[in-house]
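First up is the structure itself, then whatever we jot down about it.
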Amino acid sequence: MEKTYTPENFESNIYQKWEKEGFFKPNYDSSKESFSIALPPPNVTGSLHMGHAFQQTIMDTLIRFHRMKGDNTLWQCGTDHAGIATQMVVERKLAKEENLTRHDLGRENFIDRVWKWKEQSGGTITRQMRRLGASVDWSRERFTMDEGLSKAVLEVFVRLYDEDLIYRGKRLVNWDPKLRTAISDLEVENKEVAGHMWYIKYMLADGVKTAEGKDYLLVATTRPETLLGDTAVAVNPSDERYKSVVGKDLILPLVGRRIPVVADIHADMTAGTGCVKITPAHDFNDNAVGKRHKLCMLNIFTEDARVREECEVFDTNGVKTDAVSGFIPEKYRGMDRFDARDAMVKDLQDLGLLDHIEDHKLSQPFGDRGGVPIEPLLTDQWYVKASVLGKPAVEAVKDGRIKFVPAQYTNMYYSWMNDLQDWCISRQLWWGHRIPAWYDQNGKVYVARDEAEVRSKYSLSDDVVLTQDPDVLDTWFSSALWTFSTLGWPDNTKELEMFHPTSALVTGFDIIFFWVARMIMMTMHFMKDKDGNPQVPFKTVYVTGLIRDEEGNKMSKSKGNVLDPLDMIDGIDKDSLIAKRTANMMQPQMAEKIAKRTAKQFPEGIAAHGTDALRFTLCALASNGRDINWDMKRLDGYRNFCNKIWNASRFVLMNVGQMKLTKPASSDLSVADRFIRAKLRQAIADITYSINNFRFDQVASNIYEFIWNEYCDWYLEFTKAVLKSDKATDAQKNATAYTLVEVLEAVMRLIHPVMPFLSETIWQQTAPLVGKMTQSGTIINAAFPVEDDFDDDKNALDDIAFIKEFATTVRNLRAEMKVAPSVKLAPMMRGANENEIRCATDNFMFIENLANIEPVKFVNEGEELPPCVAKPLNKAEILLAMKELVNKEEEIKRLNGMIEKLEANIKSAKSKLSNEAFVSKAPAKIIEGAKAQLELNEQQLAKVQAQLEEMKNL
């Protein structure tokens, strides 16, 4: 081993060997239990961020653990084609490099360009995953648009259509006018913006007036341009101000069309004027009101959000109708929606119909890709009947076939699933799975796997001209099939038989509905067990929190607070970090602000910490379901922890690496050897339990506690006493040396799931010394430690606990008396019981090594002694003859401080025990414990008071 811990010197080389040798593949042993995870497919355009690093560390920990247990283990990986994101990347590249649009190339040539980009640039994130140590089976890497998955997508679409679970309909969708496509709710980002509230007079027709005598209703709106599509004004049915005008008509400003006043609970009497304009084709709430009152829907915008020449008019079922005029004033035709707003507001003002304008902050939805305000738009789209597919998916969670961890996310799942809307699965893009639907010249639709099958399935002659639907499927549609399509469905593969249902899914709470729920729905519909019962896609859903910056803010490029996991692994200098964070900032002032903040936060840049330190930190922070504020100090601390392990391992190998070790007889093991083995047994049990229960924070704390506190701080010190002793036999020295290495080797297997590179490096040095080298020559295939590998030994644990307390007490006395460590002390122990005398005598070499003392002298109560300083140890006390070691005034001060503390504890305990409320309600065990502690404090007080008197008489 190198002298210093430099992970950059070995991590990449180790990973390359693992992958080259195929160590990440399943063992395909059907006699073994199967364990599988399907990696949530990252976007092919993406790069590794903290969320990926967090979730993939957890997944890799699970996978490595089960692989070491001998399970038939598969981590199925792949990437998502990311329809909108990928199309945008390639379109920008075309515009920048060739001044071309996709329309210049045409559909086929553009798709060809996207595939070429994917081959050249689409593997960034998978390369970065390797740096993180992700042990996925790369030989089975899938892509949502590869041949096999495309076949699965076609099969699912056609089957669902034939079962009347997919249909085409005219519905309101989130529309991105820049990208000219429908987008999902997940792709909508609500931003608070400074806007206005316009108060507009809608004149009552036929001379009708309100109860207050007004000939108009005052309607407040944040989108005056949409009044072109108004088909009603709603008032609350309980609103006395407007009851007399419900059912009457209004004259739509600027247009002149008559629209009714309707009574609907959507109108809030306490908000604004209590009158709400209803535009069913351009607002989701209004659309619901329109359905309740069977109002027509008037589409006023084109796909790029310009005002149409004439409204498209549909009835409440989405069928074209001429029941209402679609007239739009000529002045506004062809105008951009926001230009039309300005023009209409001016005209309303000129006509005296604009009452007033108020400043108003509003939450406006933006497309997260296009970056422009989304427009609710009435369009023809394809839908899945989610309400039908959702029922079995709810039952699977209710009856425990699927378990959410933490459990509170079950309620979030139910709240979404109990209000399911049909799922819009079509997108107006070119990149994606093209919808397998064809239309004849009359617009009749035919669905099949290809055009040839359409003609055969529907008995169409060759002279019938067919045109394929230009739309593609929502990316979530293909990823909803992920757990079974990646394993070869619709073919019956051995992987499907072995690894489905998968064992666990690790994901964020934000996509429980958009992905998790849809996977459950799709899988249960298409995957059946041998008895024909629906299969679930996974048995456990582990939901992670969100990683935020140190101040609790969400990490985003626009805020310039993103941390790149690879920068923390490999390091980055300050200037490069600033350049990275400000690279895409459009506003110079924002870029300057971020640069200053980054320079202040990271004056030296970010040091290289290595993969294991990052992974360990992520596990340590993984408290169940909570958002995590990233802490660089924790990362620094765990880098030190890695260094501690490295140095401890070097110490072991330097001291025993040249010895010819043999498995010792149990009788040759020292109490320290037996202690560390018993402690390791406890650690194995705790860590195994924590992994199985998804408590990765506890995994990290148990690893840290055992290695740092028990093995390094105590056991290594104990071993020095044996290995350097001229009284220990060769067999005893061999026993200690063997235990040193045996425990270290087992610990490397224990930490391997979390810290793969450090553990492999040290294990390679230790495994051969104790005969643990695997046939494959790697720790990956070594067995995960089990409790029964090491004996429980309560006596050893008790003895070492006493030795620790004894040594710590002497050390504290030494420090308080300011006695140099080199001075050998001669302690006495008064009031010791037989077991304490035995332990201190039999294990003197350990105490001597830890505390630098002469053999302990045991004295009785009442025995005349020289003036001493003392400290309690259980019911006994450790004494040191003061002789010239003591500053009388300082010691009196110290003893008085101890007396005050003990008296306060005694007073508090007596008060509690005399409190009837406490005594009557507290468990007997608690009361007995309080009494025992009170008795101990009183005994210690008497001894300290006696010491004070001795000191005063010195």
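Numbering starts fresh at 1 for the residues of each chain in the structure tokens, the chains themselves are lettered A, B, ... in the order given, and ligands are numbered from 1 as they appear.
Contact shell of A:Ser139 at 9 Å (only C-alpha atoms; same-chain neighbours under 5 positions omitted): A:Gly22, A:Phe24, A:Lys25.
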Output C-alpha atoms for every residue in the selection just made, as a compact mmCIF listing (two decimals), in the first residue's frame.
# COMPACT_ATOMS: atom_id res chain seq x y z
CA GLY A 22 -17.73 -9.03 -16.29
CA PHE A 24 -21.32 -6.98 -12.67
CA LYS A 25 -23.30 -9.69 -14.45
Which residues of stretch 498-534 of chain A sit at most 7 Å from stretch 542-545 of chain A, using only C-alpha atoms? Give each one's shortest atom pair and distance in Å (one decimal place), in chain and ascending residue order, as JSON lines.
{"residue": "A:Leu505", "atom": "CA", "partner": "A:Tyr542", "partner_atom": "CA", "distance": 6.0}
{"residue": "A:Val506", "atom": "CA", "partner": "A:Tyr542", "partner_atom": "CA", "distance": 4.8}
{"residue": "A:Thr507", "atom": "CA", "partner": "A:Val543", "partner_atom": "CA", "distance": 5.3}
{"residue": "A:Gly508", "atom": "CA", "partner": "A:Thr544", "partner_atom": "CA", "distance": 5.1}
{"residue": "A:Phe509", "atom": "CA", "partner": "A:Val543", "partner_atom": "CA", "distance": 5.8}
* Within 12 Å of A:Met555 using only C-alpha atoms, minus same-chain residues under 2 positions, as a PyMOL selection string -> chain A and resi 49-51+546-553+557-564+581+627-630
* Asked: In stretch 277-353 of chain A, what's helix (DSSP H, G or I) per DSSP? Answer as a list in words?
  -> Phe284, Asn285, Asp286, Asn287, Ala288, Val289, Gly290, Lys291, Arg292, Glu330, Lys331, Tyr332, Arg337, Phe338, Asp339, Ala340, Arg341, Asp342, Ala343, Met344, Val345, Lys346, Asp347, Leu348, Gln349 and Asp350 of chain A
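Near stretch 106-110 of chain A, within 9 Å and counting only C-alpha atoms, sit Val90, Glu91, Thr101, Arg102, Val114, Trp115, Trp430 and Trp431 of chain A; same-chain residues fewer than 4 positions away were not included.
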Could you write out the selected residues, including N, CA and C atoms, as a CSV table (one decimal), in the first residue's frame?
chain,number,residue,atom,x,y,z
A,90,VAL,N,-30.4,18.8,-30.5
A,90,VAL,CA,-30.0,18.7,-31.9
A,90,VAL,C,-30.5,19.9,-32.8
A,91,GLU,N,-31.7,20.4,-32.5
A,91,GLU,CA,-32.1,21.6,-33.2
A,91,GLU,C,-31.2,22.8,-33.0
A,101,THR,N,-33.0,24.5,-39.8
A,101,THR,CA,-34.0,24.0,-38.9
A,101,THR,C,-34.3,22.5,-39.3
A,102,ARG,N,-35.1,21.9,-38.4
A,102,ARG,CA,-35.4,20.5,-38.7
A,102,ARG,C,-36.3,20.4,-39.9
A,114,VAL,N,-30.3,13.0,-35.3
A,114,VAL,CA,-30.5,12.7,-33.9
A,114,VAL,C,-29.8,11.4,-33.5
A,115,TRP,N,-29.9,10.4,-34.3
A,115,TRP,CA,-29.3,9.1,-34.0
A,115,TRP,C,-27.7,9.3,-34.0
A,430,TRP,N,-40.8,15.1,-33.4
A,430,TRP,CA,-40.3,14.1,-34.4
A,430,TRP,C,-39.5,13.0,-33.8
A,431,TRP,N,-38.9,13.3,-32.7
A,431,TRP,CA,-38.0,12.4,-32.0
A,431,TRP,C,-38.8,11.6,-31.0
* **Nearest residue to A:Met129 from the set A:Asn693, A:Thr57, A:Thr226, A:Asn896 (distances using only C-alpha atoms)** => A:Thr57
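Using only C-alpha atoms, the residues found no farther than 9 Å from stretch 441-446 of chain A, other than those of its own chain fewer than 4 positions away, are Pro436, Ala437, Val454, Arg455, Lys457, Tyr458, Val464, Val465, Leu466 and Thr467 of chain A.
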Just the selected residues (C-alpha atoms), exported as a compact mmCIF listing (two decimals), in the first residue's frame, please.
# COMPACT_ATOMS: atom_id res chain seq x y z
CA PRO A 436 -48.77 3.41 -34.84
CA ALA A 437 -51.96 4.91 -36.21
CA VAL A 454 -53.28 -2.17 -40.92
CA ARG A 455 -54.37 -3.28 -44.40
CA LYS A 457 -56.28 -6.21 -39.98
CA TYR A 458 -58.91 -3.85 -41.44
CA VAL A 464 -56.77 3.23 -50.01
CA VAL A 465 -54.28 6.01 -49.28
CA LEU A 466 -53.04 5.89 -45.69
CA THR A 467 -51.10 8.56 -43.79
* **Contacts of stretch 30-46 of chain A at 9 Å (only C-alpha atoms; same-chain gap of 5+ positions) as a ChimeraX atom specification** => /A:52,56,59,62-63,66-67,70-82,85-86,89,118,121-126,136,143-144,479,482-483,486,498-507,538
With N, CA and C atoms retained, write the just-selected residues as a short mmCIF file (atom, residue, chain, number, x, y, z; two decimals), in the first residue's frame.
data_model
loop_
_atom_site.label_atom_id
_atom_site.label_comp_id
_atom_site.auth_asym_id
_atom_site.auth_seq_id
_atom_site.Cartn_x
_atom_site.Cartn_y
_atom_site.Cartn_z
N HIS A 52 -28.70 12.11 -9.00
CA HIS A 52 -28.27 10.83 -9.56
C HIS A 52 -27.27 10.14 -8.63
N GLN A 56 -28.04 6.60 -7.02
CA GLN A 56 -27.23 5.50 -7.55
C GLN A 56 -26.31 4.92 -6.48
N MET A 59 -28.60 2.56 -4.66
CA MET A 59 -28.85 1.36 -5.47
C MET A 59 -27.62 0.47 -5.52
N LEU A 62 -27.17 -1.51 -2.35
CA LEU A 62 -28.07 -2.67 -2.31
C LEU A 62 -27.58 -3.78 -3.23
N ILE A 63 -27.18 -3.42 -4.43
CA ILE A 63 -26.75 -4.41 -5.42
C ILE A 63 -25.50 -5.13 -4.94
N HIS A 66 -26.31 -7.57 -2.03
CA HIS A 66 -26.98 -8.82 -2.42
C HIS A 66 -26.08 -9.69 -3.29
N ARG A 67 -25.23 -9.07 -4.07
CA ARG A 67 -24.27 -9.86 -4.86
C ARG A 67 -23.34 -10.62 -3.93
N GLY A 70 -24.54 -13.72 -2.35
CA GLY A 70 -24.65 -14.86 -3.23
C GLY A 70 -25.92 -14.88 -4.05
N ASP A 71 -26.74 -13.83 -3.93
CA ASP A 71 -27.98 -13.78 -4.69
C ASP A 71 -27.68 -13.64 -6.18
N ASN A 72 -28.62 -14.10 -6.98
CA ASN A 72 -28.55 -13.93 -8.44
C ASN A 72 -28.97 -12.48 -8.71
N THR A 73 -27.99 -11.60 -8.86
CA THR A 73 -28.21 -10.15 -8.76
C THR A 73 -28.05 -9.46 -10.10
N LEU A 74 -29.05 -8.65 -10.46
CA LEU A 74 -29.01 -7.87 -11.70
C LEU A 74 -29.36 -6.42 -11.40
N TRP A 75 -28.48 -5.53 -11.83
CA TRP A 75 -28.82 -4.11 -11.87
C TRP A 75 -28.97 -3.75 -13.34
N GLN A 76 -30.23 -3.66 -13.78
CA GLN A 76 -30.53 -3.40 -15.18
C GLN A 76 -30.44 -1.90 -15.45
N CYS A 77 -29.63 -1.54 -16.44
CA CYS A 77 -29.41 -0.11 -16.70
C CYS A 77 -29.88 0.27 -18.10
N GLY A 78 -29.92 1.55 -18.35
CA GLY A 78 -30.28 2.06 -19.66
C GLY A 78 -30.56 3.55 -19.57
N THR A 79 -30.79 4.16 -20.73
CA THR A 79 -31.06 5.59 -20.79
C THR A 79 -32.36 5.85 -21.53
N ASP A 80 -32.92 7.01 -21.26
CA ASP A 80 -34.19 7.42 -21.85
C ASP A 80 -33.93 8.34 -23.03
N HIS A 81 -34.74 8.21 -24.09
CA HIS A 81 -34.48 9.02 -25.30
C HIS A 81 -34.84 10.48 -25.11
N ALA A 82 -35.58 10.81 -24.05
CA ALA A 82 -35.84 12.21 -23.66
C ALA A 82 -36.31 13.05 -24.84
N ALA A 85 -36.11 17.10 -24.79
CA ALA A 85 -34.75 17.56 -24.50
C ALA A 85 -33.79 17.23 -25.63
N THR A 86 -33.87 16.00 -26.13
CA THR A 86 -32.95 15.60 -27.19
C THR A 86 -33.23 16.36 -28.48
N VAL A 89 -31.73 19.77 -28.20
CA VAL A 89 -30.27 19.78 -28.30
C VAL A 89 -29.83 19.73 -29.77
N LYS A 118 -26.70 10.97 -30.86
CA LYS A 118 -26.80 10.04 -29.75
C LYS A 118 -25.57 9.14 -29.69
N SER A 121 -22.49 11.67 -28.69
CA SER A 121 -22.50 12.50 -27.48
C SER A 121 -23.45 12.02 -26.40
N GLY A 122 -24.17 10.96 -26.66
CA GLY A 122 -25.23 10.57 -25.74
C GLY A 122 -24.80 9.71 -24.57
N GLY A 123 -23.50 9.42 -24.46
CA GLY A 123 -23.05 8.52 -23.40
C GLY A 123 -22.38 9.20 -22.23
N THR A 124 -22.56 10.50 -22.11
CA THR A 124 -21.87 11.25 -21.04
C THR A 124 -22.21 10.69 -19.66
N ILE A 125 -23.48 10.53 -19.39
CA ILE A 125 -23.88 10.15 -18.04
C ILE A 125 -23.46 8.73 -17.70
N THR A 126 -23.43 7.83 -18.69
CA THR A 126 -23.03 6.45 -18.38
C THR A 126 -21.53 6.38 -18.09
N VAL A 136 -23.50 -1.63 -12.53
CA VAL A 136 -24.61 -2.09 -13.36
C VAL A 136 -24.09 -3.08 -14.40
N PHE A 143 -31.80 1.20 -24.29
CA PHE A 143 -32.15 2.56 -24.69
C PHE A 143 -33.62 2.53 -25.06
N THR A 144 -34.41 3.50 -24.61
CA THR A 144 -35.85 3.41 -24.79
C THR A 144 -36.29 3.39 -26.25
N SER A 479 -41.09 4.64 -20.78
CA SER A 479 -40.43 4.36 -19.49
C SER A 479 -41.38 3.69 -18.51
N TRP A 482 -40.63 0.02 -18.27
CA TRP A 482 -39.19 -0.16 -18.08
C TRP A 482 -38.82 -1.47 -17.41
N THR A 483 -39.50 -1.86 -16.34
CA THR A 483 -39.05 -3.05 -15.59
C THR A 483 -39.19 -4.33 -16.40
N THR A 486 -37.19 -3.93 -20.52
CA THR A 486 -35.73 -4.07 -20.51
C THR A 486 -35.29 -5.52 -20.34
N MET A 498 -36.44 -14.82 -14.24
CA MET A 498 -35.57 -14.75 -13.06
C MET A 498 -35.72 -13.45 -12.27
N PHE A 499 -35.87 -12.33 -12.97
CA PHE A 499 -35.69 -11.02 -12.33
C PHE A 499 -36.94 -10.16 -12.25
N HIS A 500 -38.09 -10.68 -12.70
CA HIS A 500 -39.32 -9.89 -12.60
C HIS A 500 -40.33 -10.64 -11.74
N PRO A 501 -40.96 -9.94 -10.78
CA PRO A 501 -40.84 -8.52 -10.45
C PRO A 501 -39.44 -8.16 -9.93
N THR A 502 -39.04 -6.91 -10.18
CA THR A 502 -37.78 -6.46 -9.60
C THR A 502 -37.96 -6.28 -8.09
N SER A 503 -36.85 -6.19 -7.40
CA SER A 503 -36.91 -6.19 -5.93
C SER A 503 -37.20 -4.82 -5.34
N ALA A 504 -36.59 -3.79 -5.90
CA ALA A 504 -36.74 -2.46 -5.32
C ALA A 504 -36.62 -1.41 -6.40
N LEU A 505 -37.25 -0.27 -6.14
CA LEU A 505 -37.09 0.91 -6.98
C LEU A 505 -36.63 2.03 -6.07
N VAL A 506 -35.58 2.75 -6.48
CA VAL A 506 -35.09 3.90 -5.73
C VAL A 506 -35.36 5.13 -6.58
N THR A 507 -36.16 6.05 -6.06
CA THR A 507 -36.56 7.20 -6.88
C THR A 507 -36.92 8.38 -5.98
N PHE A 538 -42.22 -3.96 -8.94
CA PHE A 538 -41.21 -3.97 -7.88
C PHE A 538 -41.93 -4.19 -6.56
#
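You can rank A:Ile265, A:Leu880, A:Ile803, A:Ile572 by their closest distance to A:Ala608 using only C-alpha atoms, and at the top of that list sits A:Ile572.
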